[in-house]
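Comments concern the structure below.
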Amino acid sequence: WYQQTLSVVVVGASGDLAKRKTYPSLLKLFEENLLPTDSIIYGYARSCKSHEEFRRHLLPHLKKTGTNEIIVKDFLSKCYYHSGKTYGDKSAYADMIGDGLVPFEESTKNTVSNRLFYLAVPPDVFGESGVVIKTHGMSTTGWTRVVIEKPFGRDLESCDALLQTLSENFEEHHLYRIDHYLGKEIVQNMLMFRFSNSFWEPIWNSDTIESVVITFKEPFGTDGRGGYFDKYGIIRDILQNHLLQVATLFAMEPPKNEDADAIRDAKVEVLKNMEILSLQDCLLGQYDGYSDDPTITNKDTNCPTYAAIRCKINTPRWTGVPFILQAGKAMDEKVCDIQVRFKPAKSFPSMRRSSKNFFENAPAEMVMRLQPDPCIFLNLNIKSPGLSTMPTRGNMVMRYEDMPNLSNPDAYTRLLLDVIRGKQGSFVRDDELRFSWQIFTPLLHDIDDTKVRPLPYRYGSSGPANREAWMAEM
Ligand code: BG6
C-alpha cells in the first residue's frame, strides 16, 4: 500500500477528539513513515475556515506531541480543510471530493486510491454522514474504510438502530468501530501472553483462579463533559465497552486462527455465555459535588460516577469465577489494571499452622497494569530469605519502561495503523456490540426506571464506604 494514495477525511475536524487524538496520531504515523508517501488529509467541519486558518488551529495540539517542528510543518502541508452546513451536506462533500481528493489522486502515478473517513462526530450524525460518503465518497479503485467512535447507542435498542443505519450504507468490512482500550499495549499483548507461553493455559481457569477484578479509576470528575456524561453514566462510558472488551480477551478460548473474525468469534462466545446483569449484581456511587458541574442541568441526577459489577461467565473454563468490573471518576488515583487472584495453595501435611494461615490469607496474585505505567507482576509466597523458614511475599515484575528500545505509541496511533493496514481484529464487530448491550441493558433500564440513588463518596477517595465489604462478598 506504499504505492497507493491515501486520502484521509476527518469529519468533525475542529472537535476535541480530532485535535487531541486523531491528528496527533496521524502525525505520529507520518513521522514514523507509516503513511503512504502520497497522502492527503482533509478536515471537514461546520465552521468556516481557510486551509491556513485550520493549520494554525491544529499547530498547538501537534506541538504538544513533542514532534520535531520541521516534521510538523511537513505534515501540516498535507492538511486541508473544507466546511459544510451540516455533516450530511451533499454539495459540500461533493465539492471537497471533486475539488480536493480527486485532483490529488489523479496527480500521482498511483492507480489505486484508498480513502479513510474518520467520523469524529456524535453518533446521531453517523447516519447523514454515512449517506453522503456512500453517494460521493467511495473509492472506485481502492478501499474505503470508515472509522467510528463510541457511544454506540445507550442500550440494545438504540444500538440496533445505529447498526441498522450504518449497514444501509456500508458492509461490515468497511467499518472500524474504535474502542481505544483495544489499542493499549497490555491489551494488545493479551493473546500473545496467554497463548504463546504453554504454562498459562492449564491454569487459566476456575481450577486455579479464584477471581478476576478489572479496575479503572480516574482522579478527576466530569471536567466540563457533564452534559455528555450525565446522559450516559460510568457504566455506559467505561464498563459496557472498555472493561468488558478487556474481560472478553482475558476470558476467551484460543481463537481458531489469527484472523480478525476468528478473534472476534472467540470474544463473542464469551459474551454469549455471560449472565445478563441486574441491580443485585452491582454497587453504584456518585462523588460529592458531581451535580455542581454547570454543564449538568438535572441537579437531582442519579447518574452513577462509580460502579462495580459482578459478572458471571458460564463457560466450562470460568463457571464459578466472579469477574468484577469496577470504574470510577473522581477517585484517589489514575489506574487501570486486571487483578487475578489465585486459589490458596493446598497445604502440605508437614506445614505449620502459622504458614497454612499465611497461604490461606495471602494467595498468589497476578496484576496486569494497563496504565499509568504498563507492567505485569506476580505476587507470590516464598520462604523468608535467610535463616528463617517462615513464609513471606515476593514479587516478580515485568515493567515495560525497563525494556530496551521501548516505544509505547498512543492507542489511537496503533489502531489507525491497523485501519490503514486493513486489520480489523482490534475493532468491535456488530454482533459483539449487540451482545454487550444485551448483557447491560436490563441493568441500565433498572437504574433509569427505579431512580435508584447511588451511594455518595468523597471526591478523591477510593469510592463508596461499603466498597470493600461488597467486594469481599465475592
Ligand atoms: C473515554 C471516556 O472513552 O475514556 C472518558 O469517555 C475517559 O470518560 C477515557 O476519561 C479514559 O481513557 P484513557 O485512555 O485516558 O484511560
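Identifiers for the C-alpha cells are assigned positionally: chains receive A, B, ... in sequence, residues are indexed from 1 per chain, and ligands are indexed from 1 in the order shown.
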Residues within 10 Å of ligand 1, counting only C-alpha atoms and all ligand atoms, as a PyMOL selection string = chain A and resi 149-151+178-181+183-184+216-223+225-226+228-229+232-234+236-239+241-242+305+328-329+334-336+370-372+410-412
Contact residues around region 441-443 of chain A with only C-alpha atoms at 7 Å, ignoring same-chain residues under 3 positions, as a list of chain:residue names =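 Final neighbour list, sorted by chain and number: A:Asp155, A:Leu156, A:Leu277, A:Ser278, A:Leu279, A:Trp437, A:Gln438, A:Asp446, A:Ile447.
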Quick one: everything within 7 Å of Arg310 (chain A), counting only C-alpha atoms, minus sequence neighbours fewer than 5 positions away in the same chain. Send it as a count of residues only.
-> 6
Interatomic distance (Å, one decimal) between CA of Asn189 (chain A) and CA of Asp373 (chain A) | 14.8 Å
Find the residues around Asn314 (chain A) up to 12 Å (only C-alpha atoms counted), leave out those fewer than 4 positions away in its own chain, and share them as a list in words.
->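 Within the cut-off, the hits are Asn205, Ser206, Ala251, Met252, Glu269, Val270, Leu271, Lys272, Asn273, Met274, Glu275, Ile276, Trp318, Thr319, Gly320, Val321, Pro322 and Phe323 of chain A.
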Which residues, written as a list of chain:residue names, have at least one atom at most 9 Å from Leu175 (chain A), with only C-alpha atoms counted and residues fewer than 6 positions away on the same chain left out?
->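 Contacts, in chain order: A:Arg145, A:Val146, A:Val147, A:Ile148, A:Leu166, A:Gln424, A:Phe427, A:Arg429.
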Could you write out that same residue set with N, CA, C and O atoms as an mmCIF file, in the first residue's frame?
data_model
loop_
_atom_site.group_PDB
_atom_site.id
_atom_site.type_symbol
_atom_site.label_atom_id
_atom_site.label_comp_id
_atom_site.auth_asym_id
_atom_site.auth_seq_id
_atom_site.Cartn_x
_atom_site.Cartn_y
_atom_site.Cartn_z
ATOM 1 N N ARG A 145 -12.629 2.935 3.947
ATOM 2 C CA ARG A 145 -12.842 2.476 5.334
ATOM 3 C C ARG A 145 -13.393 3.624 6.161
ATOM 4 O O ARG A 145 -12.969 4.775 5.979
ATOM 5 N N VAL A 146 -14.321 3.281 7.061
ATOM 6 C CA VAL A 146 -14.981 4.313 7.856
ATOM 7 C C VAL A 146 -14.758 4.000 9.331
ATOM 8 O O VAL A 146 -15.100 2.907 9.797
ATOM 9 N N VAL A 147 -14.149 4.947 10.031
ATOM 10 C CA VAL A 147 -13.854 4.728 11.450
ATOM 11 C C VAL A 147 -14.897 5.472 12.282
ATOM 12 O O VAL A 147 -15.191 6.645 12.010
ATOM 13 N N ILE A 148 -15.474 4.779 13.257
ATOM 14 C CA ILE A 148 -16.429 5.458 14.132
ATOM 15 C C ILE A 148 -16.073 5.211 15.593
ATOM 16 O O ILE A 148 -15.373 4.268 15.936
ATOM 17 N N LEU A 166 -26.022 2.274 9.818
ATOM 18 C CA LEU A 166 -24.715 2.105 9.192
ATOM 19 C C LEU A 166 -24.744 1.011 8.130
ATOM 20 O O LEU A 166 -24.136 1.150 7.072
ATOM 21 N N GLN A 424 -8.771 -5.799 11.130
ATOM 22 C CA GLN A 424 -9.973 -5.464 11.912
ATOM 23 C C GLN A 424 -10.045 -6.144 13.287
ATOM 24 O O GLN A 424 -10.994 -5.932 14.024
ATOM 25 N N PHE A 427 -10.958 -4.179 16.425
ATOM 26 C CA PHE A 427 -12.138 -3.314 16.320
ATOM 27 C C PHE A 427 -13.374 -4.147 16.646
ATOM 28 O O PHE A 427 -13.356 -5.369 16.503
ATOM 29 N N ARG A 429 -16.880 -5.775 16.387
ATOM 30 C CA ARG A 429 -17.792 -6.205 15.319
ATOM 31 C C ARG A 429 -19.239 -5.962 15.751
ATOM 32 O O ARG A 429 -19.528 -5.873 16.936
#
Sort by chain and increasing residue number a table of all residues of region 414-471 of chain A within 8 Å of region 285-293 of chain A, each with its closest pair of atoms and their distance in Å to one decimal, counting only C-alpha atoms, and write it as CSV.
residue,atom,partner,partner_atom,distance
A:Pro454,CA,A:Gly285,CA,4.4
A:Leu455,CA,A:Gly285,CA,4.4
A:Pro456,CA,A:Gln286,CA,5.0
A:Tyr457,CA,A:Tyr287,CA,4.8
A:Arg458,CA,A:Asp288,CA,5.5
A:Tyr459,CA,A:Tyr287,CA,5.5
A:Gly463,CA,A:Gly285,CA,7.0
A:Pro464,CA,A:Gly285,CA,5.9
Emit the selected residues as a short mmCIF file (atom, residue, chain, number, x, y, z; two decimals), in the first residue's frame, including N, CA and C atoms.
data_model
loop_
_atom_site.label_atom_id
_atom_site.label_comp_id
_atom_site.auth_asym_id
_atom_site.auth_seq_id
_atom_site.Cartn_x
_atom_site.Cartn_y
_atom_site.Cartn_z
N PRO A 454 -27.39 6.34 43.79
CA PRO A 454 -26.04 5.81 44.02
C PRO A 454 -25.54 6.26 45.40
N LEU A 455 -24.64 5.50 46.00
CA LEU A 455 -24.11 5.88 47.32
C LEU A 455 -23.10 7.01 47.13
N PRO A 456 -23.10 7.96 48.05
CA PRO A 456 -22.16 9.08 47.90
C PRO A 456 -20.73 8.64 48.24
N TYR A 457 -19.77 9.28 47.62
CA TYR A 457 -18.37 9.09 48.04
C TYR A 457 -17.62 10.41 47.87
N ARG A 458 -16.57 10.55 48.65
CA ARG A 458 -15.82 11.79 48.65
C ARG A 458 -14.97 11.91 47.39
N TYR A 459 -14.93 13.12 46.80
CA TYR A 459 -14.07 13.37 45.64
C TYR A 459 -12.62 13.01 46.02
N GLY A 463 -13.89 5.44 46.67
CA GLY A 463 -15.25 5.02 46.28
C GLY A 463 -16.17 4.95 47.49
N PRO A 464 -17.41 4.44 47.30
CA PRO A 464 -18.37 4.39 48.40
C PRO A 464 -17.83 3.60 49.60
#
For Gly153 (chain A), work out the shell of residues within 7 Å, counting only C-alpha atoms and skipping chain neighbours fewer than 3 positions away, then give it as a compact mmCIF listing (two decimals) with N, CA, C and O atoms, in the first residue's frame.
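Just written: around-v5.txt:
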# COMPACT_ATOMS: atom_id res chain seq x y z
N SER A 158 -31.23 1.27 20.92
CA SER A 158 -30.61 2.38 20.18
C SER A 158 -29.36 1.90 19.44
O SER A 158 -29.03 2.41 18.36
N CYS A 159 -28.68 0.90 19.98
CA CYS A 159 -27.51 0.34 19.29
C CYS A 159 -27.97 -0.33 18.00
O CYS A 159 -27.36 -0.16 16.94
N LEU A 162 -28.66 2.19 15.38
CA LEU A 162 -27.41 2.73 14.84
C LEU A 162 -26.75 1.75 13.87
O LEU A 162 -26.30 2.12 12.78
As a PyMOL selection string, which residues of region 195-401 of chain A does DSSP assign to strand (DSSP E)?
-> chain A and resi 209-217+282-287+306-311+323-328+335-342+365-371+375-383+391-399
A:Asp89, A:Glu210, A:Asp261, A:Asp431 ranked by distance to Pro363 (chain A), top pick (using only C-alpha atoms) | A:Glu210
Excluding same-chain residues fewer than 5 positions from Phe250 (chain A), what lies within 10 Å of it counting only C-alpha atoms, as a PyMOL selection string?
-> chain A and resi 187+190-191+194+204+212+244-245+267+270+338
Using the selection just defined, write its residues with all heavy atoms as a CSV table (one decimal), in the first residue's frame.
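Result file part38.csv:
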chain,number,residue,atom,x,y,z
A,187,VAL,N,-3.3,-4.8,26.5
A,187,VAL,CA,-4.4,-5.4,25.9
A,187,VAL,C,-4.0,-6.1,24.5
A,187,VAL,O,-4.4,-7.2,24.2
A,187,VAL,CB,-5.6,-4.4,25.7
A,187,VAL,CG1,-6.8,-5.1,25.1
A,187,VAL,CG2,-5.9,-3.7,27.0
A,190,MET,N,-2.4,-9.4,25.1
A,190,MET,CA,-3.1,-10.4,25.8
A,190,MET,C,-3.0,-11.8,25.1
A,190,MET,O,-2.7,-12.8,25.8
A,190,MET,CB,-4.5,-10.0,26.0
A,190,MET,CG,-5.4,-10.9,26.9
A,190,MET,SD,-4.9,-10.9,28.6
A,190,MET,CE,-5.7,-9.5,29.2
A,191,LEU,N,-3.3,-11.8,23.8
A,191,LEU,CA,-3.3,-13.2,23.2
A,191,LEU,C,-1.9,-13.8,23.1
A,191,LEU,O,-1.8,-15.0,23.4
A,191,LEU,CB,-3.9,-13.0,21.8
A,191,LEU,CG,-5.4,-12.5,21.7
A,191,LEU,CD1,-5.9,-12.7,20.4
A,191,LEU,CD2,-6.3,-13.2,22.8
A,194,ARG,N,-1.0,-15.0,26.7
A,194,ARG,CA,-1.8,-16.2,27.1
A,194,ARG,C,-1.4,-17.4,26.3
A,194,ARG,O,-1.2,-18.5,26.9
A,194,ARG,CB,-3.3,-15.9,26.9
A,194,ARG,CG,-3.9,-15.1,28.0
A,194,ARG,CD,-5.4,-15.1,27.8
A,194,ARG,NE,-6.0,-16.4,27.9
A,194,ARG,CZ,-7.2,-16.7,27.6
A,194,ARG,NH1,-8.1,-15.8,27.2
A,194,ARG,NH2,-7.7,-17.9,27.6
A,204,TRP,N,-5.2,-21.3,33.5
A,204,TRP,CA,-6.0,-20.1,33.2
A,204,TRP,C,-7.5,-20.5,33.2
A,204,TRP,O,-8.2,-20.5,32.2
A,204,TRP,CB,-5.6,-19.5,31.8
A,204,TRP,CG,-5.8,-18.1,31.6
A,204,TRP,CD1,-7.0,-17.5,31.1
A,204,TRP,CD2,-4.9,-17.0,31.7
A,204,TRP,NE1,-6.9,-16.2,31.0
A,204,TRP,CE2,-5.6,-15.8,31.4
A,204,TRP,CE3,-3.6,-16.9,32.2
A,204,TRP,CZ2,-5.0,-14.6,31.4
A,204,TRP,CZ3,-3.0,-15.6,32.2
A,204,TRP,CH2,-3.7,-14.5,31.8
A,212,VAL,N,-11.3,-12.5,39.2
A,212,VAL,CA,-10.6,-11.5,38.3
A,212,VAL,C,-11.3,-10.2,38.6
A,212,VAL,O,-12.5,-10.1,38.5
A,212,VAL,CB,-10.8,-12.0,36.9
A,212,VAL,CG1,-10.1,-11.0,35.9
A,212,VAL,CG2,-10.3,-13.4,36.6
A,244,LEU,N,-15.4,-4.3,29.5
A,244,LEU,CA,-15.9,-5.6,29.0
A,244,LEU,C,-15.0,-6.1,27.9
A,244,LEU,O,-14.8,-7.4,27.8
A,244,LEU,CB,-17.3,-5.3,28.5
A,244,LEU,CG,-18.1,-6.6,28.1
A,244,LEU,CD1,-18.3,-7.5,29.3
A,244,LEU,CD2,-19.5,-6.3,27.5
A,245,GLN,N,-14.5,-5.3,27.1
A,245,GLN,CA,-13.6,-5.7,26.0
A,245,GLN,C,-12.4,-6.4,26.6
A,245,GLN,O,-11.9,-7.4,26.1
A,245,GLN,CB,-13.2,-4.5,25.1
A,245,GLN,CG,-14.3,-4.0,24.2
A,245,GLN,CD,-14.5,-5.0,23.1
A,245,GLN,OE1,-13.6,-5.7,22.6
A,245,GLN,NE2,-15.8,-5.1,22.6
A,267,LYS,N,-14.3,-13.9,21.1
A,267,LYS,CA,-14.8,-12.9,22.1
A,267,LYS,C,-16.4,-13.0,22.2
A,267,LYS,O,-16.9,-12.9,23.3
A,267,LYS,CB,-14.4,-11.5,21.6
A,267,LYS,CG,-12.9,-11.2,21.8
A,267,LYS,CD,-12.5,-10.0,21.1
A,267,LYS,CE,-13.0,-8.7,21.8
A,267,LYS,NZ,-12.8,-7.5,20.9
A,270,VAL,N,-17.7,-15.6,24.6
A,270,VAL,CA,-17.6,-15.2,26.0
A,270,VAL,C,-18.9,-14.4,26.3
A,270,VAL,O,-19.6,-14.7,27.3
A,270,VAL,CB,-16.4,-14.4,26.3
A,270,VAL,CG1,-16.4,-13.9,27.8
A,270,VAL,CG2,-15.1,-15.1,26.0
A,338,ILE,N,-5.8,-5.3,35.8
A,338,ILE,CA,-6.5,-6.6,35.9
A,338,ILE,C,-5.8,-7.3,37.1
A,338,ILE,O,-4.6,-7.6,37.0
A,338,ILE,CB,-6.4,-7.5,34.6
A,338,ILE,CG1,-6.7,-6.7,33.4
A,338,ILE,CG2,-7.2,-8.7,34.7
A,338,ILE,CD1,-6.3,-7.4,32.1
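Relative to CA of Ser91 (chain A), CA of Thr22 (chain A) is found at 25.0 Å.
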Have a look at A:Lys85, A:Arg399, A:Arg414, A:Lys343 and name the one nearest to Pro374 (chain A); count only C-alpha atoms.
-> A:Arg399
Just asking: which residues within region 138-175 of chain A are helix (DSSP H, G or I) according to DSSP, as a PDB file with all heavy atoms, in the first residue's frame?
ATOM      1  N   LEU A 156     -29.611  -1.593  24.043  1.00  0.00           N
ATOM      2  CA  LEU A 156     -29.666  -2.518  22.908  1.00  0.00           C
ATOM      3  C   LEU A 156     -30.477  -1.933  21.746  1.00  0.00           C
ATOM      4  O   LEU A 156     -30.079  -2.018  20.577  1.00  0.00           O
ATOM      5  CB  LEU A 156     -30.276  -3.846  23.369  1.00  0.00           C
ATOM      6  CG  LEU A 156     -30.362  -4.933  22.307  1.00  0.00           C
ATOM      7  CD1 LEU A 156     -29.000  -5.269  21.722  1.00  0.00           C
ATOM      8  CD2 LEU A 156     -30.984  -6.200  22.883  1.00  0.00           C
ATOM      9  N   GLU A 157     -31.607  -1.316  22.083  1.00  0.00           N
ATOM     10  CA  GLU A 157     -32.488  -0.814  21.028  1.00  0.00           C
ATOM     11  C   GLU A 157     -31.820   0.300  20.211  1.00  0.00           C
ATOM     12  O   GLU A 157     -31.824   0.274  18.976  1.00  0.00           O
ATOM     13  CB  GLU A 157     -33.756  -0.282  21.697  1.00  0.00           C
ATOM     14  CG  GLU A 157     -34.930  -0.244  20.789  1.00  0.00           C
ATOM     15  CD  GLU A 157     -36.111   0.437  21.483  1.00  0.00           C
ATOM     16  OE1 GLU A 157     -36.132   0.509  22.742  1.00  0.00           O
ATOM     17  OE2 GLU A 157     -36.985   0.926  20.742  1.00  0.00           O
ATOM     18  N   SER A 158     -31.231   1.274  20.920  1.00  0.00           N
ATOM     19  CA  SER A 158     -30.606   2.383  20.181  1.00  0.00           C
ATOM     20  C   SER A 158     -29.356   1.898  19.436  1.00  0.00           C
ATOM     21  O   SER A 158     -29.028   2.410  18.364  1.00  0.00           O
ATOM     22  CB  SER A 158     -30.281   3.553  21.109  1.00  0.00           C
ATOM     23  OG  SER A 158     -29.614   3.094  22.251  1.00  0.00           O
ATOM     24  N   CYS A 159     -28.682   0.904  19.984  1.00  0.00           N
ATOM     25  CA  CYS A 159     -27.512   0.341  19.288  1.00  0.00           C
ATOM     26  C   CYS A 159     -27.974  -0.335  17.996  1.00  0.00           C
ATOM     27  O   CYS A 159     -27.364  -0.160  16.943  1.00  0.00           O
ATOM     28  CB  CYS A 159     -26.808  -0.640  20.204  1.00  0.00           C
ATOM     29  SG  CYS A 159     -25.689  -1.733  19.351  1.00  0.00           S
ATOM     30  N   ASP A 160     -29.074  -1.080  18.090  1.00  0.00           N
ATOM     31  CA  ASP A 160     -29.622  -1.745  16.896  1.00  0.00           C
ATOM     32  C   ASP A 160     -29.959  -0.733  15.819  1.00  0.00           C
ATOM     33  O   ASP A 160     -29.664  -0.956  14.641  1.00  0.00           O
ATOM     34  CB  ASP A 160     -30.904  -2.516  17.271  1.00  0.00           C
ATOM     35  CG  ASP A 160     -30.585  -3.963  17.590  1.00  0.00           C
ATOM     36  OD1 ASP A 160     -29.538  -4.447  17.120  1.00  0.00           O
ATOM     37  OD2 ASP A 160     -31.375  -4.597  18.316  1.00  0.00           O
ATOM     38  N   ALA A 161     -30.564   0.391  16.239  1.00  0.00           N
ATOM     39  CA  ALA A 161     -30.952   1.419  15.264  1.00  0.00           C
ATOM     40  C   ALA A 161     -29.701   1.979  14.575  1.00  0.00           C
ATOM     41  O   ALA A 161     -29.674   2.176  13.364  1.00  0.00           O
ATOM     42  CB  ALA A 161     -31.738   2.521  15.974  1.00  0.00           C
ATOM     43  N   LEU A 162     -28.660   2.186  15.381  1.00  0.00           N
ATOM     44  CA  LEU A 162     -27.415   2.734  14.845  1.00  0.00           C
ATOM     45  C   LEU A 162     -26.752   1.745  13.870  1.00  0.00           C
ATOM     46  O   LEU A 162     -26.298   2.124  12.783  1.00  0.00           O
ATOM     47  CB  LEU A 162     -26.476   2.996  16.025  1.00  0.00           C
ATOM     48  CG  LEU A 162     -25.294   3.884  15.798  1.00  0.00           C
ATOM     49  CD1 LEU A 162     -25.762   5.290  15.459  1.00  0.00           C
ATOM     50  CD2 LEU A 162     -24.447   3.937  17.073  1.00  0.00           C
ATOM     51  N   LEU A 163     -26.737   0.475  14.262  1.00  0.00           N
ATOM     52  CA  LEU A 163     -26.139  -0.547  13.398  1.00  0.00           C
ATOM     53  C   LEU A 163     -26.902  -0.636  12.083  1.00  0.00           C
ATOM     54  O   LEU A 163     -26.322  -0.780  11.013  1.00  0.00           O
ATOM     55  CB  LEU A 163     -26.143  -1.904  14.109  1.00  0.00           C
ATOM     56  CG  LEU A 163     -25.205  -2.041  15.302  1.00  0.00           C
ATOM     57  CD1 LEU A 163     -25.403  -3.388  15.987  1.00  0.00           C
ATOM     58  CD2 LEU A 163     -23.752  -1.901  14.876  1.00  0.00           C
ATOM     59  N   GLN A 164     -28.233  -0.515  12.198  1.00  0.00           N
ATOM     60  CA  GLN A 164     -29.090  -0.575  11.013  1.00  0.00           C
ATOM     61  C   GLN A 164     -28.756   0.579  10.063  1.00  0.00           C
ATOM     62  O   GLN A 164     -28.541   0.389   8.864  1.00  0.00           O
ATOM     63  CB  GLN A 164     -30.559  -0.505  11.504  1.00  0.00           C
ATOM     64  CG  GLN A 164     -31.603  -0.374  10.432  1.00  0.00           C
ATOM     65  CD  GLN A 164     -31.654  -1.633   9.563  1.00  0.00           C
ATOM     66  OE1 GLN A 164     -31.317  -2.729  10.025  1.00  0.00           O
ATOM     67  NE2 GLN A 164     -32.029  -1.466   8.295  1.00  0.00           N
ATOM     68  N   THR A 165     -28.650   1.812  10.634  1.00  0.00           N
ATOM     69  CA  THR A 165     -28.338   2.979   9.808  1.00  0.00           C
ATOM     70  C   THR A 165     -27.012   2.774   9.078  1.00  0.00           C
ATOM     71  O   THR A 165     -26.889   3.072   7.894  1.00  0.00           O
ATOM     72  CB  THR A 165     -28.171   4.231  10.719  1.00  0.00           C
ATOM     73  OG1 THR A 165     -29.249   4.245  11.619  1.00  0.00           O
ATOM     74  CG2 THR A 165     -28.104   5.511   9.946  1.00  0.00           C
ATOM     75  N   LEU A 166     -26.022   2.274   9.818  1.00  0.00           N
ATOM     76  CA  LEU A 166     -24.715   2.105   9.192  1.00  0.00           C
ATOM     77  C   LEU A 166     -24.744   1.011   8.130  1.00  0.00           C
ATOM     78  O   LEU A 166     -24.136   1.150   7.072  1.00  0.00           O
ATOM     79  CB  LEU A 166     -23.662   1.775  10.257  1.00  0.00           C
ATOM     80  CG  LEU A 166     -23.293   2.942  11.166  1.00  0.00           C
ATOM     81  CD1 LEU A 166     -22.538   2.460  12.398  1.00  0.00           C
ATOM     82  CD2 LEU A 166     -22.424   3.950  10.403  1.00  0.00           C
ATOM     83  N   SER A 167     -25.501  -0.063   8.436  1.00  0.00           N
ATOM     84  CA  SER A 167     -25.493  -1.180   7.482  1.00  0.00           C
ATOM     85  C   SER A 167     -26.250  -0.828   6.199  1.00  0.00           C
ATOM     86  O   SER A 167     -26.094  -1.502   5.188  1.00  0.00           O
ATOM     87  CB  SER A 167     -26.052  -2.448   8.123  1.00  0.00           C
ATOM     88  OG  SER A 167     -27.428  -2.273   8.332  1.00  0.00           O
ATOM     89  N   GLU A 168     -27.067   0.229   6.235  1.00  0.00           N
ATOM     90  CA  GLU A 168     -27.742   0.644   4.997  1.00  0.00           C
ATOM     91  C   GLU A 168     -26.732   1.196   3.990  1.00  0.00           C
ATOM     92  O   GLU A 168     -26.952   1.180   2.792  1.00  0.00           O
ATOM     93  CB  GLU A 168     -28.800   1.718   5.303  1.00  0.00           C
ATOM     94  CG  GLU A 168     -30.076   1.094   5.856  1.00  0.00           C
ATOM     95  CD  GLU A 168     -30.942   2.088   6.588  1.00  0.00           C
ATOM     96  OE1 GLU A 168     -30.723   3.304   6.451  1.00  0.00           O
ATOM     97  OE2 GLU A 168     -31.835   1.625   7.325  1.00  0.00           O
ATOM     98  N   ASN A 169     -25.626   1.727   4.492  1.00  0.00           N
ATOM     99  CA  ASN A 169     -24.642   2.324   3.585  1.00  0.00           C
ATOM    100  C   ASN A 169     -23.352   1.531   3.438  1.00  0.00           C
ATOM    101  O   ASN A 169     -22.643   1.686   2.457  1.00  0.00           O
ATOM    102  CB  ASN A 169     -24.298   3.739   4.053  1.00  0.00           C
ATOM    103  CG  ASN A 169     -25.511   4.646   3.998  1.00  0.00           C
ATOM    104  OD1 ASN A 169     -26.140   4.765   2.954  1.00  0.00           O
ATOM    105  ND2 ASN A 169     -25.880   5.229   5.119  1.00  0.00           N
ATOM    106  N   GLU A 172     -19.809  -4.716   6.639  1.00  0.00           N
ATOM    107  CA  GLU A 172     -19.004  -4.813   7.855  1.00  0.00           C
ATOM    108  C   GLU A 172     -17.503  -4.561   7.567  1.00  0.00           C
ATOM    109  O   GLU A 172     -16.811  -3.962   8.370  1.00  0.00           O
ATOM    110  CB  GLU A 172     -19.244  -6.197   8.491  1.00  0.00           C
ATOM    111  CG  GLU A 172     -18.789  -6.358   9.916  1.00  0.00           C
ATOM    112  CD  GLU A 172     -19.321  -5.351  10.933  1.00  0.00           C
ATOM    113  OE1 GLU A 172     -20.428  -4.800  10.764  1.00  0.00           O
ATOM    114  OE2 GLU A 172     -18.590  -5.093  11.910  1.00  0.00           O
ATOM    115  N   HIS A 173     -17.012  -4.976   6.375  1.00  0.00           N
ATOM    116  CA  HIS A 173     -15.576  -4.798   6.123  1.00  0.00           C
ATOM    117  C   HIS A 173     -15.188  -3.329   5.936  1.00  0.00           C
ATOM    118  O   HIS A 173     -14.016  -2.973   5.996  1.00  0.00           O
ATOM    119  CB  HIS A 173     -15.129  -5.641   4.916  1.00  0.00           C
ATOM    120  CG  HIS A 173     -15.669  -5.167   3.603  1.00  0.00           C
ATOM    121  ND1 HIS A 173     -15.026  -4.236   2.832  1.00  0.00           N
ATOM    122  CD2 HIS A 173     -16.816  -5.484   2.954  1.00  0.00           C
ATOM    123  CE1 HIS A 173     -15.752  -4.016   1.741  1.00  0.00           C
ATOM    124  NE2 HIS A 173     -16.838  -4.753   1.789  1.00  0.00           N
ATOM    125  N   HIS A 174     -16.194  -2.451   5.718  1.00  0.00           N
ATOM    126  CA  HIS A 174     -15.880  -1.020   5.613  1.00  0.00           C
ATOM    127  C   HIS A 174     -15.722  -0.375   6.999  1.00  0.00           C
ATOM    128  O   HIS A 174     -15.140   0.693   7.118  1.00  0.00           O
ATOM    129  CB  HIS A 174     -17.047  -0.255   4.950  1.00  0.00           C
ATOM    130  CG  HIS A 174     -17.266  -0.588   3.520  1.00  0.00           C
ATOM    131  ND1 HIS A 174     -18.469  -1.053   3.025  1.00  0.00           N
ATOM    132  CD2 HIS A 174     -16.435  -0.509   2.451  1.00  0.00           C
ATOM    133  CE1 HIS A 174     -18.372  -1.246   1.716  1.00  0.00           C
ATOM    134  NE2 HIS A 174     -17.141  -0.925   1.344  1.00  0.00           N
TER     135      HIS A 174
END
Atom-to-atom span, CA of Thr248 (chain A) and CA of Ser407 (chain A), Å |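 A separation of 25.9 Å between them.
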